[in-house]
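Asks: Dumping the structure here so I can ask a few things about it.
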Amino acid sequence: MLNTLYPAARAILFKLEAEKAHHLSMTGLRLMEQTGILSICTTPPKNKPVTLAGITFPNPVGLAAGLDKEANTIDALGRLGFGHVEVGTLTPKPQPGNDSPRLFRLPEHQALINRMGFNNPGIESGIENATSSRSFKGVIGINIGKNKDTPNAQALDDYAVAFEKAYPHADYVTANFSSPNTPGLRDLQSSETAARLLETLKAIQAKHQRYVPIALKVAPDLREDEITQLSKVFVDGGLDLLIATNTTLSREAVAGHLHAEEAGGLSGSPLTQQATEIISSFHSKMGPTVPIIGAGGIFNAEDALAKREAGASLVQLYTGFIYRGPALVHEIIEAW
Ligand SMILES: Cc1cc2nc3c(=O)[nH]c(=O)nc-3n(C[C@H](O)[C@H](O)[C@H](O)COP(=O)(O)O)c2cc1C
């Protein structure tokens with residue numbers, strides 16, 4: 001029922017300022033979950049398990065990081081059909097993010113531009129929220145990042161702190177070093193720093209009895225030579241999962257739009273092809289050693305299957321979910 005109601009709800013939500021609409025939707029979803037309404041007006045998705053990096057995901061469709069930054073809406077999002085929910089990005093200390101407005105819709109392009117800047121309650125509160133999830137039976141990924149005021153020279157300490165805290169509570173942990181909205185963050189994608197980051201996380205992983213896979217999330221704006229170098233780092237360093245991709249800095253596809261020149265990352269339809277090409281390039285260089293979770297501009301089953309064709313074992317949605325609602329989740333699971 002919710003699937004058919006979504007277009008009407010979206011028409012109302014899109015009349016509100018984008019971030020207000022986001023908070024209203026998340027509050028509404030939590031309320032509907034707590035009162036049992038959500039379970040009445042949703043149908044559980046088909047079970048189509050996918051196993052990778054030692055984790056069995058109940059279906060191939062997950063929620064990309066950044067929608068549930070506080071990790072407090074997991075049960076409701078699971079009810080909409082997602083087999084995994086990636087919460088965060090969570091940083092060691094809480095931080096407010098950039099000044100508003102910082103989220104813009106470009107409906108003519110089925111796109112969003114955001115420069116949220118890791119607004120989040122901090123890793124400890126995030127974990128407290130995530131561990132109070134009750135009904136969700138899927139996979140929980142915890143996405144971590146560094147605080148804005150931590151200089152890049154100390155960035156690895158931030159990742160280490162957040163990773164240690166997230167580790168016991170996550171099914172997998174993603175280190176996000178590809179957001180364009182924390183100054184200098186993408187510089188960490190140099191092969192040398194990426195190798196050090198992976199080494200730091202692997203050393204912590206090795207100390208624990210329970211094996212929690214490590215994912216790294218990359219930008220779609222990498223050059224071919226950078227992909228070649230990073231692929232080697234990821235294979236040699238024992239990376240468990242790669243998430244490709246984050247948002248793009250490119251504006252070519254939306255040139256001339258009222259919001260085209262807003263600073264931040266562009267997501268949605270303009271990113272579809274670019275993200276698929278990055279997945280394909282990483283896959284051809286890494287082979288099956290490092291499984292890939294594909295994200296970027298998935299708006300229908302065909303887009304998701306193209307990501308699979310390019311080498312992704314699972315997909316994640318963000319912008320397509322905002323534009324199309326929960327019907328998209330079910331549509332992809334059916335077609336997979
Ligand atoms: C408003 C917004 C906030 C985001 N915040 C995060 C974040 O905190 N951490 C992260 O790893 N990715 C974040 N992303 C990136 C998404 O997870 C995803 O990788 C990207 O948007 C591409 O997928 P899409 O085209 O389906 O949106 C954010 C995206 C949007 C639109």
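In the structure tokens, the first chain shown is A, the next is B, and so on; residue numbers restart at 1 for each chain, and ligands run from 1 in the order shown.
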List all protein, DNA and RNA residues that have any atom at most 7 Å from ligand 1, counting only C-alpha atoms and all ligand atoms, and write the list as a VMD selection string.
Replies: chain A and resid 64 to 67 69 88 to 89 103 112 to 114 116 118 143 176 179 217 245 to 247 267 to 269 271 to 272 295 to 298 316 to 320
Asks: Taking 3 positions as the minimum chain separation for residues in the same chain, which residues sit within 6 Å of segment 226-239 of chain A when counting only C-alpha atoms? Answer as a PyMOL selection string.
Replies: chain A and resi 191+195+223+286
Asks: Among segment 107-147 of chain A, which ones does DSSP assign to alpha helix (DSSP H) (computed from the backbone)? Answer as a list in words.
Replies: Ile123, Glu124, Ser125, Gly126, Ile127, Glu128, Asn129, Ala130 and Thr131 of chain A
Asks: For Lys307 of chain A, which residue among A:Ala111, A:Val61, A:Leu241, A:Ala76 is the nearest when counting only C-alpha atoms?
Replies: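 Among the listed residues, the smallest separation from Lys307 of chain A belongs to A:Val61.
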Asks: Which residues are close to Ile243 of chain A, i.e. within 7 Å by only C-alpha atoms, leaving aside same-chain residues fewer than 4 positions away? Reply as a ChimeraX atom specification.
Replies: /A:215-218,292-294
Asks: Looking at A:Asn47, A:Asn152, A:Asn300, A:Asn3, which one is nearest to Asp187 of chain A, with distances taken over only C-alpha atoms?
Replies: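 Of the candidates, the smallest distance to Asp187 of chain A is held by A:Asn152.
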Asks: Please determine, counting only C-alpha atoms, which residue among A:Leu38, A:Val161, A:Ala130, A:Leu63 has the shortest atom-to-atom distance to Phe321 of chain A.
Replies: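 Between A:Leu38, A:Val161, A:Ala130, A:Leu63, the residue approaching Phe321 of chain A most closely is A:Leu63.
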Asks: To test your reading of the structure, identify every residue in segment 141-324 of chain A that backbone DSSP assigns to strand (DSSP E or B), and report it as a PyMOL selection string.
Replies: chain A and resi 141-144+172-176+214-218+241-244+248+265-268+292-295+312-317
Asks: What's around Glu334 of chain A at 10 Å? Count only C-alpha atoms, leave out sequence neighbours fewer than 4 positions away in its own chain, and write the answer as a PyMOL selection string.
Replies: chain A and resi 45-48+59+301+328-330
Asks: Give the answer as one residue: which of A:Glu128, A:Glu261, A:Glu33, A:Glu199 has the shortest atom-to-atom distance to Tyr159 of chain A, using only C-alpha atoms?
Replies: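 Using only C-alpha atoms, Tyr159 of chain A sits closest to A:Glu199.
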Asks: At what distance in Å, to one decimal, does atom CA of Lys15 of chain A lie from atom CA of Gly256 of chain A?
Replies: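 Computed distance, atom CA of Gly256 of chain A to atom CA of Lys15 of chain A, equals 22.1 Å.
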Asks: Which is closest to Val212 of chain A among A:Gly325, A:Gly54, A:Gly138, A:Gly81, if we use only C-alpha atoms?
Replies: A:Gly54
